[in-house]
Each structure stands twice: as structure tokens, then as C-alpha cells.
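Structure data follow from model.cif (mmCIF, C-alpha atoms, pLDDT in the B column; chains and numbers go by the auth columns):
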data_coords
#
loop_
_atom_site.group_PDB
_atom_site.id
_atom_site.type_symbol
_atom_site.label_atom_id
_atom_site.label_comp_id
_atom_site.label_asym_id
_atom_site.label_seq_id
_atom_site.Cartn_x
_atom_site.Cartn_y
_atom_site.Cartn_z
_atom_site.B_iso_or_equiv
_atom_site.auth_seq_id
_atom_site.auth_asym_id
ATOM 1 C CA MET A 1 162.115 87.193 -29.751 37.00 1 A
ATOM 2 C CA THR A 2 165.878 87.209 -29.343 40.00 2 A
ATOM 3 C CA VAL A 3 167.522 89.522 -31.828 43.00 3 A
ATOM 4 C CA PRO A 4 171.146 88.863 -32.767 42.00 4 A
ATOM 5 C CA ALA A 5 173.719 91.578 -32.296 58.00 5 A
ATOM 6 C CA GLY A 6 173.476 94.256 -34.928 84.00 6 A
ATOM 7 C CA ARG A 7 171.042 96.806 -36.132 93.00 7 A
ATOM 8 C CA ILE A 8 167.342 96.179 -36.606 97.00 8 A
ATOM 9 C CA TYR A 9 165.771 97.489 -39.807 98.00 9 A
ATOM 10 C CA VAL A 10 162.174 98.591 -40.367 98.00 10 A
ATOM 11 C CA PRO A 11 161.303 99.052 -44.050 98.00 11 A
ATOM 12 C CA ASP A 12 158.877 101.597 -45.410 97.00 12 A
ATOM 13 C CA THR A 13 156.043 100.331 -47.603 96.00 13 A
ATOM 14 C CA ASN A 14 157.747 101.759 -50.697 96.00 14 A
ATOM 15 C CA VAL A 15 160.804 99.559 -50.167 97.00 15 A
ATOM 16 C CA LEU A 16 158.770 96.377 -50.547 97.00 16 A
ATOM 17 C CA VAL A 17 156.322 97.534 -53.217 96.00 17 A
ATOM 18 C CA ALA A 18 158.907 99.169 -55.497 95.00 18 A
ATOM 19 C CA ALA A 19 161.277 96.211 -55.158 95.00 19 A
ATOM 20 C CA TYR A 20 158.514 93.758 -56.010 96.00 20 A
ATOM 21 C CA ARG A 21 157.205 95.708 -58.987 94.00 21 A
ATOM 22 C CA HIS A 22 160.519 96.826 -60.425 93.00 22 A
ATOM 23 C CA TYR A 23 164.165 96.245 -59.682 89.00 23 A
ATOM 24 C CA TYR A 24 163.912 93.139 -57.428 94.00 24 A
ATOM 25 C CA ALA A 25 160.936 91.418 -59.065 93.00 25 A
ATOM 26 C CA PRO A 26 160.824 87.855 -57.705 93.00 26 A
ATOM 27 C CA GLU A 27 161.128 86.226 -61.119 92.00 27 A
ATOM 28 C CA ILE A 28 164.449 87.981 -61.775 91.00 28 A
ATOM 29 C CA CYS A 29 165.816 88.379 -58.257 93.00 29 A
ATOM 30 C CA PRO A 30 164.559 85.617 -55.944 93.00 30 A
ATOM 31 C CA GLY A 31 167.680 86.014 -53.792 94.00 31 A
ATOM 32 C CA PHE A 32 166.510 89.436 -52.658 96.00 32 A
ATOM 33 C CA TRP A 33 163.289 87.961 -51.284 96.00 33 A
ATOM 34 C CA ALA A 34 165.078 84.982 -49.767 96.00 34 A
ATOM 35 C CA SER A 35 167.452 87.361 -47.972 96.00 35 A
ATOM 36 C CA LEU A 36 164.549 89.430 -46.620 97.00 36 A
ATOM 37 C CA SER A 37 162.817 86.263 -45.402 96.00 37 A
ATOM 38 C CA HIS A 38 166.029 85.177 -43.693 96.00 38 A
ATOM 39 C CA HIS A 39 166.492 88.513 -41.924 96.00 39 A
ATOM 40 C CA ILE A 40 162.842 88.605 -40.886 95.00 40 A
ATOM 41 C CA ALA A 41 163.269 85.128 -39.381 94.00 41 A
ATOM 42 C CA THR A 42 166.365 86.240 -37.439 93.00 42 A
ATOM 43 C CA GLY A 43 164.674 89.401 -36.150 93.00 43 A
ATOM 44 C CA ARG A 44 166.971 91.816 -37.958 96.00 44 A
ATOM 45 C CA LEU A 45 164.200 92.997 -40.317 97.00 45 A
ATOM 46 C CA LEU A 46 160.774 93.862 -38.921 97.00 46 A
ATOM 47 C CA ILE A 47 157.627 94.803 -40.778 97.00 47 A
ATOM 48 C CA ILE A 48 155.408 96.912 -38.563 97.00 48 A
ATOM 49 C CA ASP A 49 151.635 96.670 -38.569 96.00 49 A
ATOM 50 C CA ARG A 50 151.121 100.120 -40.136 96.00 50 A
ATOM 51 C CA VAL A 51 153.311 99.173 -43.108 96.00 51 A
ATOM 52 C CA PHE A 52 151.673 95.741 -43.351 95.00 52 A
ATOM 53 C CA VAL A 53 148.200 97.260 -43.854 94.00 53 A
ATOM 54 C CA GLU A 54 149.503 99.607 -46.571 95.00 54 A
ATOM 55 C CA ILE A 55 150.657 96.673 -48.698 94.00 55 A
ATOM 56 C CA VAL A 56 147.502 95.885 -50.655 91.00 56 A
ATOM 57 C CA SER A 57 148.891 94.882 -54.067 90.00 57 A
ATOM 58 C CA PRO A 58 150.075 93.017 -55.905 92.00 58 A
ATOM 59 C CA ALA A 59 148.404 90.023 -54.280 94.00 59 A
ATOM 60 C CA GLU A 60 151.603 87.959 -54.570 95.00 60 A
ATOM 61 C CA LEU A 61 153.490 90.533 -52.482 95.00 61 A
ATOM 62 C CA VAL A 62 150.751 90.494 -49.845 94.00 62 A
ATOM 63 C CA GLU A 63 151.049 86.691 -49.728 94.00 63 A
ATOM 64 C CA TRP A 64 154.844 86.855 -49.479 95.00 64 A
ATOM 65 C CA VAL A 65 154.676 89.317 -46.576 95.00 65 A
ATOM 66 C CA GLU A 66 152.070 87.193 -44.775 94.00 66 A
ATOM 67 C CA GLN A 67 154.272 84.102 -45.171 94.00 67 A
ATOM 68 C CA ALA A 68 157.462 85.909 -44.185 94.00 68 A
ATOM 69 C CA ILE A 69 156.037 87.392 -40.993 94.00 69 A
ATOM 70 C CA GLY A 70 153.578 84.626 -40.207 86.00 70 A
ATOM 71 C CA SER A 71 150.679 87.089 -40.519 71.00 71 A
ATOM 72 C CA SER A 72 151.939 88.756 -37.362 85.00 72 A
ATOM 73 C CA PRO A 73 153.503 92.142 -38.031 93.00 73 A
ATOM 74 C CA GLU A 74 155.455 93.971 -35.367 94.00 74 A
ATOM 75 C CA THR A 75 153.058 96.089 -33.330 95.00 75 A
ATOM 76 C CA SER A 76 153.279 99.858 -33.188 95.00 76 A
ATOM 77 C CA GLY A 77 150.652 99.842 -30.446 94.00 77 A
ATOM 78 C CA THR A 78 152.961 100.160 -27.465 96.00 78 A
ATOM 79 C CA GLN A 79 153.354 103.093 -25.097 98.00 79 A
ATOM 80 C CA PRO A 80 156.969 103.825 -26.090 98.00 80 A
ATOM 81 C CA VAL A 81 155.979 103.975 -29.765 98.00 81 A
ATOM 82 C CA ALA A 82 152.928 106.122 -28.991 98.00 82 A
ATOM 83 C CA ASP A 83 155.105 108.510 -26.964 98.00 83 A
ATOM 84 C CA ALA A 84 157.606 108.774 -29.817 98.00 84 A
ATOM 85 C CA TYR A 85 154.789 109.277 -32.337 98.00 85 A
ATOM 86 C CA ARG A 86 153.400 112.123 -30.227 98.00 86 A
ATOM 87 C CA GLN A 87 156.782 113.893 -30.405 98.00 87 A
ATOM 88 C CA LEU A 88 156.949 113.436 -34.180 98.00 88 A
ATOM 89 C CA ILE A 89 153.362 114.463 -34.896 97.00 89 A
ATOM 90 C CA ASP A 90 153.659 117.510 -32.609 97.00 90 A
ATOM 91 C CA TRP A 91 156.746 118.628 -34.533 97.00 91 A
ATOM 92 C CA VAL A 92 154.966 118.118 -37.867 96.00 92 A
ATOM 93 C CA GLN A 93 151.802 119.897 -36.757 95.00 93 A
ATOM 94 C CA ASP A 94 153.752 122.833 -35.286 96.00 94 A
ATOM 95 C CA ASN A 95 156.081 123.209 -38.262 95.00 95 A
ATOM 96 C CA PRO A 96 154.944 126.180 -40.385 95.00 96 A
ATOM 97 C CA GLN A 97 157.010 124.932 -43.344 95.00 97 A
ATOM 98 C CA TYR A 98 154.431 122.292 -44.244 96.00 98 A
ATOM 99 C CA THR A 99 151.047 122.847 -45.806 96.00 99 A
ATOM 100 C CA THR A 100 147.870 121.716 -44.104 96.00 100 A
ATOM 101 C CA ALA A 101 147.527 118.982 -46.728 97.00 101 A
ATOM 102 C CA ALA A 102 151.090 117.743 -46.045 96.00 102 A
ATOM 103 C CA ARG A 103 150.360 117.531 -42.322 96.00 103 A
ATOM 104 C CA ALA A 104 147.095 115.688 -42.924 96.00 104 A
ATOM 105 C CA ASP A 105 148.757 113.242 -45.307 95.00 105 A
ATOM 106 C CA PHE A 106 151.529 112.573 -42.807 95.00 106 A
ATOM 107 C CA ALA A 107 148.987 111.764 -40.094 94.00 107 A
ATOM 108 C CA ARG A 108 147.188 109.357 -42.465 95.00 108 A
ATOM 109 C CA VAL A 109 150.104 107.214 -43.667 95.00 109 A
ATOM 110 C CA ALA A 110 152.468 104.788 -41.915 96.00 110 A
ATOM 111 C CA ASP A 111 155.573 107.007 -42.116 97.00 111 A
ATOM 112 C CA GLY A 112 155.197 108.655 -38.721 97.00 112 A
ATOM 113 C CA TRP A 113 154.503 105.346 -37.016 98.00 113 A
ATOM 114 C CA LEU A 114 157.480 103.756 -38.760 98.00 114 A
ATOM 115 C CA ALA A 115 159.789 106.533 -37.564 98.00 115 A
ATOM 116 C CA ALA A 116 158.249 106.361 -34.084 98.00 116 A
ATOM 117 C CA TYR A 117 158.846 102.617 -33.924 98.00 117 A
ATOM 118 C CA ALA A 118 162.472 103.125 -34.936 98.00 118 A
ATOM 119 C CA MET A 119 162.867 105.948 -32.417 98.00 119 A
ATOM 120 C CA ALA A 120 161.370 103.914 -29.563 98.00 120 A
ATOM 121 C CA HIS A 121 163.328 100.751 -30.340 97.00 121 A
ATOM 122 C CA GLY A 122 166.629 102.073 -31.676 97.00 122 A
ATOM 123 C CA ALA A 123 165.897 100.644 -35.120 97.00 123 A
ATOM 124 C CA VAL A 124 166.870 101.909 -38.560 97.00 124 A
ATOM 125 C CA VAL A 125 164.246 103.207 -40.998 98.00 125 A
ATOM 126 C CA VAL A 126 164.706 101.932 -44.552 98.00 126 A
ATOM 127 C CA THR A 127 163.037 103.973 -47.290 98.00 127 A
ATOM 128 C CA ASN A 128 163.293 104.847 -50.959 96.00 128 A
ATOM 129 C CA GLU A 129 162.260 108.416 -50.193 96.00 129 A
ATOM 130 C CA VAL A 130 164.837 111.076 -50.924 97.00 130 A
ATOM 131 C CA SER A 131 165.430 114.014 -48.650 96.00 131 A
ATOM 132 C CA ALA A 132 163.688 117.244 -49.691 96.00 132 A
ATOM 133 C CA PRO A 133 164.307 119.597 -46.777 94.00 133 A
ATOM 134 C CA GLN A 134 162.723 122.585 -48.524 95.00 134 A
ATOM 135 C CA SER A 135 159.526 120.738 -49.429 96.00 135 A
ATOM 136 C CA GLN A 136 156.310 122.261 -48.191 97.00 136 A
ATOM 137 C CA SER A 137 153.870 119.797 -49.719 97.00 137 A
ATOM 138 C CA THR A 138 155.422 116.521 -48.542 96.00 138 A
ATOM 139 C CA ILE A 139 157.127 115.429 -45.350 97.00 139 A
ATOM 140 C CA LYS A 140 159.908 113.069 -46.376 97.00 140 A
ATOM 141 C CA LEU A 141 161.007 110.311 -43.995 97.00 141 A
ATOM 142 C CA PRO A 142 164.732 111.128 -44.296 97.00 142 A
ATOM 143 C CA ASP A 143 164.032 114.721 -43.244 97.00 143 A
ATOM 144 C CA LEU A 144 161.820 113.708 -40.327 97.00 144 A
ATOM 145 C CA CYS A 145 164.380 111.142 -39.204 98.00 145 A
ATOM 146 C CA ARG A 146 167.219 113.660 -39.435 97.00 146 A
ATOM 147 C CA GLN A 147 165.257 116.070 -37.236 97.00 147 A
ATOM 148 C CA PHE A 148 165.028 113.423 -34.490 98.00 148 A
ATOM 149 C CA ASP A 149 168.373 111.645 -35.033 97.00 149 A
ATOM 150 C CA ILE A 150 166.660 108.453 -36.173 97.00 150 A
ATOM 151 C CA PRO A 151 168.910 106.408 -38.456 97.00 151 A
ATOM 152 C CA CYS A 152 167.451 106.336 -41.970 97.00 152 A
ATOM 153 C CA ILE A 153 168.962 104.572 -44.965 97.00 153 A
ATOM 154 C CA ASN A 154 167.942 103.326 -48.397 96.00 154 A
ATOM 155 C CA THR A 155 167.467 99.732 -49.556 96.00 155 A
ATOM 156 C CA PHE A 156 170.972 99.433 -50.996 95.00 156 A
ATOM 157 C CA GLU A 157 172.575 100.575 -47.742 95.00 157 A
ATOM 158 C CA MET A 158 170.500 98.026 -45.823 96.00 158 A
ATOM 159 C CA LEU A 159 171.579 95.246 -48.177 96.00 159 A
ATOM 160 C CA ARG A 160 175.229 96.230 -47.688 94.00 160 A
ATOM 161 C CA ASP A 161 174.816 96.399 -43.895 94.00 161 A
ATOM 162 C CA LEU A 162 173.210 92.952 -43.868 95.00 162 A
ATOM 163 C CA GLU A 163 175.980 91.673 -46.163 94.00 163 A
ATOM 164 C CA VAL A 164 173.466 90.402 -48.714 95.00 164 A
ATOM 165 C CA ARG A 165 175.006 89.020 -51.889 92.00 165 A
ATOM 166 C CA LEU A 166 172.739 88.543 -54.894 89.00 166 A
ATOM 167 C CA GLU A 167 174.620 86.193 -57.179 85.00 167 A
ATOM 168 C CA TRP A 168 173.713 85.184 -60.692 83.00 168 A
ATOM 169 C CA SER A 169 173.059 81.648 -61.845 81.00 169 A
ATOM 170 C CA PRO A 170 171.659 80.419 -65.153 84.00 170 A
ATOM 171 C CA ALA A 171 167.931 79.749 -65.222 76.00 171 A
ATOM 172 C CA GLY A 172 166.713 76.184 -65.284 68.00 172 A
#
Can I see the file as C-alpha cells?
Amino acid sequence: MTVPAGRIYVPDTNVLVAAYRHYYAPEICPGFWASLSHHIATGRLLIIDRVFVEIVSPAELVEWVEQAIGSSPETSGTQPVADAYRQLIDWVQDNPQYTTAARADFARVADGWLAAYAMAHGAVVVTNEVSAPQSQSTIKLPDLCRQFDIPCINTFEMLRDLEVRLEWSPAG
């Protein structure tokens, strides 16, 4: 796939699920979903396999993701991603700040793989998580990314970077 000049974005599961259920619900903000589909088609927005499997509801969101990516998420199963993941997981496991439960949860969810993909491919992580550098019970993506100099932004920053404009028009 040829990717146009510019940054590549990899969204966290929470970006898609929260947008769908709340502030960018398709019935009130179809332009948001059209813009994501466009940027997926151009290769600027990638949904990795580990995020794809975390999206289990609502069924309409699962269908949208399958249509948008053609049921073929970006693979995290490459050696560069595995090497990056090893660095991240070693740091998490060796970090005495985090509880055993926090470390186990981190190893179970897509976050580490998402950050590893971004690290290996020079992509930007997009998440709704908010930094909590003193947290012991949760490892937040912005904090992990900061530790490894992985670019990490929120949904609104991504939309600005991609120059998305969500304009109003009357229904019907």
C-alpha cells in the first residue's frame, strides 16, 4: 500500500467505541465516519488487528469497521512490531510503580501492541486516554508513549491534523 506524505495514525479501541456511542454517533455525525473511511482508504489511518478484535459492540460499529478496512486489519504480527513490543513490555514489567494487576492488564489488552506498531512504523497513536503519570493501577497510553517518544494524540488533534471539517446541513 502506498501511503501519501504525512503522518499515519493508529487509533485505540476507545477512540472508535466512544465516538460511535457518544459524541460522533453516526446518526448525528455521519461526516466523522465518512472522514475515517476516507483516511483508511488512503492509508493515513490504520486499524491494527489487536484493536479490531477488541471492537465487539455495538454490532453496527463492528460492521462499519469491517467495511472500512475490508475485514483486513493491519497486522501487528511482524518482527519489528514484536521487537518494539518486547521493549515496551519489559519496561512495564520492570517498572515498580505499577501493581501486578496493572501489568497483567497491560499484557492482556491491545494498548502495548498499538504503541509497538506505532513505534516500529513511525505512526501516531490516537487515544482518548489521559495521562496519569502517578497512576499505579493503570498504565495509560500517553504515559507509555511519552516514555518511548512515540507520538500520541487525542481524537480532536487527529481530526485537526487530517484537516477534517464536519459541517452542518439540515436533515432530509
Run the PyMOL selection byres ((chain A and resi 155) around 7) against the file shown and list the residues it catches, as an mmCIF file with C-alpha atoms, in the coordinates of the input.
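Output saved as selection39.cif:
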data_model
loop_
_atom_site.group_PDB
_atom_site.id
_atom_site.type_symbol
_atom_site.label_atom_id
_atom_site.label_comp_id
_atom_site.auth_asym_id
_atom_site.auth_seq_id
_atom_site.Cartn_x
_atom_site.Cartn_y
_atom_site.Cartn_z
ATOM 1 C CA VAL A 15 160.804 99.559 -50.167
ATOM 2 C CA VAL A 126 164.706 101.932 -44.552
ATOM 3 C CA THR A 127 163.037 103.973 -47.290
ATOM 4 C CA ASN A 128 163.293 104.847 -50.959
ATOM 5 C CA ILE A 153 168.962 104.572 -44.965
ATOM 6 C CA ASN A 154 167.942 103.326 -48.397
ATOM 7 C CA PHE A 156 170.972 99.433 -50.996
ATOM 8 C CA GLU A 157 172.575 100.575 -47.742
ATOM 9 C CA MET A 158 170.500 98.026 -45.823
ATOM 10 C CA LEU A 159 171.579 95.246 -48.177
#
**OP:** Kindly resolve the PyMOL selection byres ((chain A and resi 61) around 12) on the present coordinates and return the residues as a ChimeraX atom specification.
**Re:** /A:13,15-21,24-26,33,52,54-60,62-68
Need the shell around A:Leu36: protein/DNA/RNA residues with any atom at most 9 Å away, counting all atoms listed in the file. Skip same-chain ones fewer than 4 positions apart. Format as a PyMOL selection string? chain A and resi 31-32+40-41+45+68
Just C-alpha atoms for this one: save the residues we selected as a CSV table (one decimal), in the frame of the given file.
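The file below, selection00.csv, is the result:
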chain,number,residue,atom,x,y,z
A,31,GLY,CA,167.7,86.0,-53.8
A,32,PHE,CA,166.5,89.4,-52.7
A,40,ILE,CA,162.8,88.6,-40.9
A,41,ALA,CA,163.3,85.1,-39.4
A,45,LEU,CA,164.2,93.0,-40.3
A,68,ALA,CA,157.5,85.9,-44.2
Find the residues near A:Arg103: any atom within 8 Å, counting all atoms listed in the file, skip ones fewer than 3 places away on the same chain, and give them as a ChimeraX atom specification. /A:92-93,98-100,106-107,139
Atom CA of A:Arg165 sits from atom CA of A:Val53 at a separation of 29.2 Å
Emit as JSON the padded axis-aligned box for all listed atoms of stretch 129-132 of chain A, 6 Å per side, with centre and edge lengths in Å to one decimal.
{"center_x": 163.8, "center_y": 112.8, "center_z": -49.8, "size_x": 15.2, "size_y": 20.8, "size_z": 14.3}
Item to check | Residue members of the PyMOL selection byres ((chain A and resi 109-113) around 8) in the file shown, as a list in words | outcome: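 Here the PyMOL selection byres ((chain A and resi 109-113) around 8) matches Asp12, Arg50, Val51, Glu54, Ser76, Val81, Tyr85, Leu88, Ile89, Asp105, Phe106, Ala107, Arg108, Leu114, Ala115, Ala116, Tyr117 and Leu141 of chain A.
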Q: Write out as a count of residues only the residues lying within 9 Å of A:Ala132, counting all atoms listed in the file and excluding same-chain residues fewer than 6 positions away.
A: 5
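Taking atom CA of A:Pro170 and atom CA of A:Ala34 as endpoints, the distance between them is 17.3 Å.
Between atom CA of A:Pro30 and atom CA of A:Arg160 the separation is 17.2 Å.
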Of A:Ile150, A:Thr42, A:Asn14, A:His22, the one sitting nearest A:Leu162 when using only C-alpha atoms is A:Thr42
